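Below is one structure, written out as structure tokens; comments come after it.
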Amino acid sequence: DPDRLKYPLKRVGKRGEGKWKRISWDEALDTIAENLKKIQGKYGSKGIAMFPHGVSTKYSSFLFENCLGVENSSEASFYQCRGPRDVGYMSTFGIGPGSPERIDMANSDLIVLIGTHLGENVHVSQVKEWIEGLSRGAKMVVVDPRFSVAAGKADQWLPIKPGTDTALILAWINYLIQHELYNKEFVAKYTIGFEQLRESVKTATLKWAEEITEIKAEHIKKTAEMMAKYKPHVAIHPGRHATWYGND
């Protein structure tokens, strides 16, 4: 991006004026250290608060906090980002999806991307596996409001209304269950609560999801049937599924 930050900048105008000058890394680090010492000297370590971003900054931020003796630490950003998704995975599968997510796109026959911007950002290693899977001839379904890089390579692009991913997923689940397109042997052997799931998604019909997501019912049906056709070699990317859009 031409507007990306390439080096440290120091504000030279009033706050909000947008006036900055380039400074060296040494000056930037010295300024930070000087101000931290000033606050620590006046208020003690309790006058400093740290806001790391979950496990991705675990070691660097924790070491920094320990060196300063900081007791005030919050990971609020993590729980507005992928935290809810990770907790959901822990509750459902007993293990988190990982970072990068553990997903075998290279050997999949169908790749489903929902809530992810693969191809424009995220992990380079995953992009390599994604490309390898497509090179092998894997089909792809992309759920994205934008005609993204991935959407441009998709067999089925679902331009979903932002913030309505859950309705689409529930409709997929309901359709697969009602038409008995799921792996019955796997469900019987490895899952609990399936009947409760069946009952809870009954109202998530294709028409219901169409009205919420603005994706035609026929396209929701077609993509659900694609997943059934290529199972078990289907890679459904965990995506980010963040909570940036409020209570949804």
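We label chains A, B, ... in the order they appear in the structure tokens, count residues from 1 in each chain, and number ligands from 1 in the order shown.
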Check your understanding: Could you name the residues that touch A:Pro232 at 12 Å or less, counting only C-alpha atoms, but leaving out those on the same chain fewer than 2 positions away, as number ranges by chain?
Key -> A: 104, 107-111, 181-184, 186, 226-230, 234-236
Selected residues written out with all heavy atoms, as a compact mmCIF listing (two decimals), in the first residue's frame:
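Heads up, here's the output in again.txt:
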```txt
# COMPACT_ATOMS: atom_id res chain seq x y z
N ASP A 104 -5.94 -28.50 5.61
CA ASP A 104 -5.20 -29.13 4.51
C ASP A 104 -5.81 -28.77 3.16
O ASP A 104 -6.45 -29.60 2.51
CB ASP A 104 -5.19 -30.64 4.71
CG ASP A 104 -4.25 -31.35 3.74
OD1 ASP A 104 -3.54 -30.65 2.99
OD2 ASP A 104 -4.23 -32.59 3.74
N ASN A 107 -4.53 -30.74 -0.22
CA ASN A 107 -5.04 -32.06 -0.61
C ASN A 107 -6.56 -32.12 -0.63
O ASN A 107 -7.14 -33.21 -0.58
CB ASN A 107 -4.49 -33.13 0.34
CG ASN A 107 -2.98 -33.25 0.23
OD1 ASN A 107 -2.46 -33.60 -0.82
ND2 ASN A 107 -2.27 -32.93 1.31
N SER A 108 -7.21 -30.98 -0.71
CA SER A 108 -8.67 -30.94 -0.70
C SER A 108 -9.24 -30.95 -2.11
O SER A 108 -8.58 -30.50 -3.05
CB SER A 108 -9.15 -29.67 0.02
OG SER A 108 -8.73 -29.68 1.38
N ASP A 109 -10.46 -31.45 -2.22
CA ASP A 109 -11.15 -31.43 -3.50
C ASP A 109 -12.10 -30.23 -3.59
O ASP A 109 -12.52 -29.85 -4.68
CB ASP A 109 -11.96 -32.72 -3.69
CG ASP A 109 -11.04 -33.92 -3.87
OD1 ASP A 109 -9.90 -33.74 -4.35
OD2 ASP A 109 -11.45 -35.04 -3.50
N LEU A 110 -12.44 -29.69 -2.42
CA LEU A 110 -13.27 -28.49 -2.37
C LEU A 110 -12.78 -27.60 -1.23
O LEU A 110 -12.59 -28.07 -0.12
CB LEU A 110 -14.74 -28.84 -2.15
CG LEU A 110 -15.69 -27.65 -1.92
CD1 LEU A 110 -15.78 -26.77 -3.17
CD2 LEU A 110 -17.08 -28.13 -1.50
N ILE A 111 -12.54 -26.33 -1.53
CA ILE A 111 -12.10 -25.36 -0.54
C ILE A 111 -13.22 -24.34 -0.36
O ILE A 111 -13.70 -23.76 -1.33
CB ILE A 111 -10.81 -24.64 -0.99
CG1 ILE A 111 -9.67 -25.66 -1.16
CG2 ILE A 111 -10.42 -23.56 0.00
CD1 ILE A 111 -8.43 -25.09 -1.83
N LEU A 181 -27.24 -35.67 3.94
CA LEU A 181 -26.02 -35.58 3.13
C LEU A 181 -24.76 -35.55 3.98
O LEU A 181 -23.67 -35.37 3.46
CB LEU A 181 -26.08 -34.32 2.25
CG LEU A 181 -27.23 -34.28 1.24
CD1 LEU A 181 -27.27 -32.92 0.54
CD2 LEU A 181 -27.07 -35.39 0.21
N TYR A 182 -24.92 -35.75 5.27
CA TYR A 182 -23.77 -35.72 6.17
C TYR A 182 -23.22 -37.14 6.35
O TYR A 182 -23.85 -38.13 5.94
CB TYR A 182 -24.17 -35.13 7.53
CG TYR A 182 -25.28 -35.88 8.23
CD1 TYR A 182 -25.00 -36.87 9.16
CD2 TYR A 182 -26.63 -35.60 7.96
CE1 TYR A 182 -26.02 -37.58 9.80
CE2 TYR A 182 -27.64 -36.29 8.60
CZ TYR A 182 -27.33 -37.27 9.52
OH TYR A 182 -28.34 -37.96 10.15
N ASN A 183 -22.07 -37.25 6.98
CA ASN A 183 -21.44 -38.55 7.21
C ASN A 183 -22.03 -39.16 8.48
O ASN A 183 -21.63 -38.86 9.60
CB ASN A 183 -19.92 -38.36 7.38
CG ASN A 183 -19.17 -39.68 7.46
OD1 ASN A 183 -19.69 -40.67 7.97
ND2 ASN A 183 -17.94 -39.69 6.95
N LYS A 184 -23.00 -40.04 8.30
CA LYS A 184 -23.74 -40.60 9.43
C LYS A 184 -22.84 -41.43 10.35
O LYS A 184 -22.98 -41.39 11.58
CB LYS A 184 -24.90 -41.46 8.93
CG LYS A 184 -25.95 -40.68 8.16
CD LYS A 184 -27.04 -41.61 7.65
CE LYS A 184 -28.04 -40.84 6.81
NZ LYS A 184 -29.08 -41.73 6.25
N PHE A 186 -19.62 -41.08 10.92
CA PHE A 186 -18.76 -40.19 11.70
C PHE A 186 -19.54 -39.54 12.83
O PHE A 186 -19.09 -39.48 13.97
CB PHE A 186 -18.17 -39.11 10.78
CG PHE A 186 -17.25 -38.15 11.50
CD1 PHE A 186 -15.89 -38.40 11.57
CD2 PHE A 186 -17.74 -37.00 12.11
CE1 PHE A 186 -15.03 -37.52 12.24
CE2 PHE A 186 -16.91 -36.13 12.78
CZ PHE A 186 -15.54 -36.39 12.84
N MET A 226 -22.44 -29.15 -3.09
CA MET A 226 -21.03 -29.30 -3.47
C MET A 226 -20.23 -29.87 -2.30
O MET A 226 -19.40 -30.76 -2.47
CB MET A 226 -20.44 -27.95 -3.89
CG MET A 226 -20.87 -27.47 -5.26
SD MET A 226 -20.18 -25.84 -5.66
CE MET A 226 -18.44 -26.24 -5.88
N MET A 227 -20.51 -29.37 -1.09
CA MET A 227 -19.80 -29.88 0.09
C MET A 227 -20.11 -31.35 0.31
O MET A 227 -19.24 -32.14 0.68
CB MET A 227 -20.18 -29.05 1.33
CG MET A 227 -19.51 -27.67 1.34
SD MET A 227 -19.84 -26.76 2.86
CE MET A 227 -21.24 -25.76 2.35
N ALA A 228 -21.37 -31.72 0.09
CA ALA A 228 -21.76 -33.13 0.25
C ALA A 228 -21.09 -34.00 -0.81
O ALA A 228 -20.64 -35.11 -0.52
CB ALA A 228 -23.28 -33.24 0.15
N LYS A 229 -21.01 -33.49 -2.01
CA LYS A 229 -20.44 -34.26 -3.12
C LYS A 229 -18.97 -34.59 -2.88
O LYS A 229 -18.51 -35.70 -3.18
CB LYS A 229 -20.60 -33.47 -4.43
CG LYS A 229 -19.95 -34.13 -5.63
CD LYS A 229 -20.10 -33.27 -6.88
CE LYS A 229 -19.38 -33.91 -8.07
NZ LYS A 229 -19.51 -33.08 -9.30
N TYR A 230 -18.22 -33.61 -2.37
CA TYR A 230 -16.77 -33.78 -2.25
C TYR A 230 -16.31 -34.23 -0.86
O TYR A 230 -15.11 -34.35 -0.62
CB TYR A 230 -16.05 -32.49 -2.63
CG TYR A 230 -16.16 -32.16 -4.10
CD1 TYR A 230 -17.04 -31.18 -4.56
CD2 TYR A 230 -15.40 -32.85 -5.04
CE1 TYR A 230 -17.15 -30.89 -5.91
CE2 TYR A 230 -15.50 -32.57 -6.39
CZ TYR A 230 -16.38 -31.58 -6.83
OH TYR A 230 -16.48 -31.30 -8.16
N VAL A 234 -13.15 -31.95 1.97
CA VAL A 234 -13.61 -30.56 1.92
C VAL A 234 -12.90 -29.77 3.01
O VAL A 234 -12.92 -30.16 4.18
CB VAL A 234 -15.13 -30.47 2.13
CG1 VAL A 234 -15.59 -29.01 2.10
CG2 VAL A 234 -15.87 -31.29 1.08
N ALA A 235 -12.26 -28.68 2.62
CA ALA A 235 -11.56 -27.81 3.58
C ALA A 235 -12.40 -26.55 3.78
O ALA A 235 -12.51 -25.74 2.86
CB ALA A 235 -10.17 -27.46 3.07
N ILE A 236 -13.00 -26.43 4.95
CA ILE A 236 -13.75 -25.21 5.28
C ILE A 236 -12.87 -24.37 6.18
O ILE A 236 -12.63 -24.72 7.34
CB ILE A 236 -15.09 -25.55 5.98
CG1 ILE A 236 -15.93 -26.46 5.08
CG2 ILE A 236 -15.85 -24.27 6.30
CD1 ILE A 236 -17.23 -26.91 5.70
```
Point to revise | Non-local contacts of A:Gln156 (7 Å; only C-alpha atoms; under 2 positions in same chain excluded) as a list in words | key: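 Answer for this query is Met140, Val141, Val142, Ala154 and Leu158 of chain A.
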Review point. Which parts of stretch 9-141 of chain A does DSSP call alpha helix (DSSP H) when run on the backbone here, written out as a ChimeraX atom specification?
Key: /A:25-43,58-68,76-80,83-93,124-135
Practice item. Identify, on the basis of only C-alpha atoms, every residue whose closest approach to A:Lys6 does not exceed 12 Å; exclude the query and any residue fewer than 4 positions from it along the same chain; express the result as a ChimeraX atom specification. Key: /A:1-2,22-25
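The two atoms in question, atom CA of A:Val143 and atom CA of A:Ser99, are spaced 21.0 Å apart.
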Check your understanding: So how many Å separate atom CA of A:Ile212 and atom CA of A:Ile177, to one decimal?
Key -> 20.5 Å
Which residues of stretch 2-108 of chain A come within 7 Å of stretch 120-131 of chain A, and for each one, what is the closest pair of atoms and their distance in Å to one decimal, counting only C-alpha atoms, sorted by chain and residue number, as a Markdown table?
```
| residue | atom | partner | partner_atom | distance |
| --- | --- | --- | --- | --- |
| A:Pro100 | CA | A:His123 | CA | 6.4 |
| A:Met105 | CA | A:Trp130 | CA | 5.4 |
| A:Ala106 | CA | A:Glu129 | CA | 4.7 |
```
Practice item. Considering only C-alpha atoms, return as a count of residues only whatever protein or nucleic-acid residues lie within 10 Å of A:Glu101, sequence-local ones (same chain, fewer than 4 positions apart) excluded. Key: 8
Exercise for review: Have a look at atom CA of A:Asn72 and atom CA of A:Met50 and let me know their distance in Å, one decimal.
Suggested key: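 One can read the atom CA of A:Asn72 to atom CA of A:Met50 distance as 6.3 Å.
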May I have the residues within 9 Å of A:Val149 as a PDB file with N, CA and C atoms, in the first residue's frame, using only C-alpha atoms and disregarding those fewer than 4 positions away in the same chain?
```
ATOM      1  N   HIS A 117      -9.838 -13.501   4.208  1.00  0.00           N
ATOM      2  CA  HIS A 117      -9.380 -12.724   3.048  1.00  0.00           C
ATOM      3  C   HIS A 117      -8.083 -13.322   2.515  1.00  0.00           C
ATOM      4  N   LEU A 118      -8.055 -14.639   2.438  1.00  0.00           N
ATOM      5  CA  LEU A 118      -6.905 -15.356   1.902  1.00  0.00           C
ATOM      6  C   LEU A 118      -6.612 -14.872   0.479  1.00  0.00           C
ATOM      7  N   GLY A 119      -5.344 -14.676   0.207  1.00  0.00           N
ATOM      8  CA  GLY A 119      -4.943 -14.186  -1.105  1.00  0.00           C
ATOM      9  C   GLY A 119      -4.663 -12.700  -1.099  1.00  0.00           C
ATOM     10  N   GLU A 120      -5.118 -12.010  -0.060  1.00  0.00           N
ATOM     11  CA  GLU A 120      -4.862 -10.579   0.065  1.00  0.00           C
ATOM     12  C   GLU A 120      -4.103 -10.256   1.351  1.00  0.00           C
ATOM     13  N   LYS A 153     -11.324 -16.347  -8.396  1.00  0.00           N
ATOM     14  CA  LYS A 153     -10.871 -17.691  -8.775  1.00  0.00           C
ATOM     15  C   LYS A 153     -11.893 -18.767  -8.385  1.00  0.00           C
TER      16      LYS A 153
END
```
Check your understanding: What residues in stretch 116-237 of chain A get the DSSP label strand (DSSP E)? Please answer as a PyMOL selection string.
Key -> chain A and resi 139-143+156-158+234-236
Expected file: the selected residues, N, CA and C atoms, as a PDB file, in the first residue's frame:
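Written file, part.pdb:
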```
ATOM      1  N   LYS A 139     -12.101 -27.547  -6.410  1.00  0.00           N
ATOM      2  CA  LYS A 139     -13.151 -26.552  -6.612  1.00  0.00           C
ATOM      3  C   LYS A 139     -13.118 -25.574  -5.445  1.00  0.00           C
ATOM      4  N   MET A 140     -13.760 -24.410  -5.612  1.00  0.00           N
ATOM      5  CA  MET A 140     -13.722 -23.435  -4.530  1.00  0.00           C
ATOM      6  C   MET A 140     -15.016 -22.643  -4.440  1.00  0.00           C
ATOM      7  N   VAL A 141     -15.480 -22.472  -3.191  1.00  0.00           N
ATOM      8  CA  VAL A 141     -16.629 -21.625  -2.867  1.00  0.00           C
ATOM      9  C   VAL A 141     -16.098 -20.473  -2.023  1.00  0.00           C
ATOM     10  N   VAL A 142     -16.408 -19.261  -2.404  1.00  0.00           N
ATOM     11  CA  VAL A 142     -15.952 -18.087  -1.650  1.00  0.00           C
ATOM     12  C   VAL A 142     -17.155 -17.254  -1.236  1.00  0.00           C
ATOM     13  N   VAL A 143     -17.254 -17.023   0.079  1.00  0.00           N
ATOM     14  CA  VAL A 143     -18.306 -16.177   0.639  1.00  0.00           C
ATOM     15  C   VAL A 143     -17.667 -14.855   1.012  1.00  0.00           C
ATOM     16  N   GLN A 156     -17.874 -20.883  -7.223  1.00  0.00           N
ATOM     17  CA  GLN A 156     -19.109 -20.281  -6.740  1.00  0.00           C
ATOM     18  C   GLN A 156     -18.751 -19.120  -5.821  1.00  0.00           C
ATOM     19  N   TRP A 157     -19.157 -17.924  -6.192  1.00  0.00           N
ATOM     20  CA  TRP A 157     -18.960 -16.735  -5.348  1.00  0.00           C
ATOM     21  C   TRP A 157     -20.304 -16.338  -4.754  1.00  0.00           C
ATOM     22  N   LEU A 158     -20.374 -16.266  -3.430  1.00  0.00           N
ATOM     23  CA  LEU A 158     -21.594 -15.865  -2.741  1.00  0.00           C
ATOM     24  C   LEU A 158     -21.381 -14.487  -2.139  1.00  0.00           C
ATOM     25  N   VAL A 234     -13.148 -31.954   1.973  1.00  0.00           N
ATOM     26  CA  VAL A 234     -13.610 -30.565   1.918  1.00  0.00           C
ATOM     27  C   VAL A 234     -12.896 -29.766   3.010  1.00  0.00           C
ATOM     28  N   ALA A 235     -12.256 -28.683   2.621  1.00  0.00           N
ATOM     29  CA  ALA A 235     -11.564 -27.814   3.580  1.00  0.00           C
ATOM     30  C   ALA A 235     -12.396 -26.549   3.779  1.00  0.00           C
ATOM     31  N   ILE A 236     -13.001 -26.431   4.952  1.00  0.00           N
ATOM     32  CA  ILE A 236     -13.753 -25.214   5.281  1.00  0.00           C
ATOM     33  C   ILE A 236     -12.874 -24.366   6.179  1.00  0.00           C
TER      34      ILE A 236
END
```
Review point. From the set A:Ser91, A:Lys38, A:Ala209, A:His241, which residue has the shortest atom-to-atom contact distance to A:Leu113, counting only C-alpha atoms?
Key: A:His241
Exercise for review: Mind checking which residues fall within 9 Å of A:Lys161, counting only C-alpha atoms, ignoring those fewer than 5 positions away in the same chain, and posting them as a list in words?
Suggested key: Asp144, Pro145, Ile212, Thr213, Glu214 and Ile215 of chain A
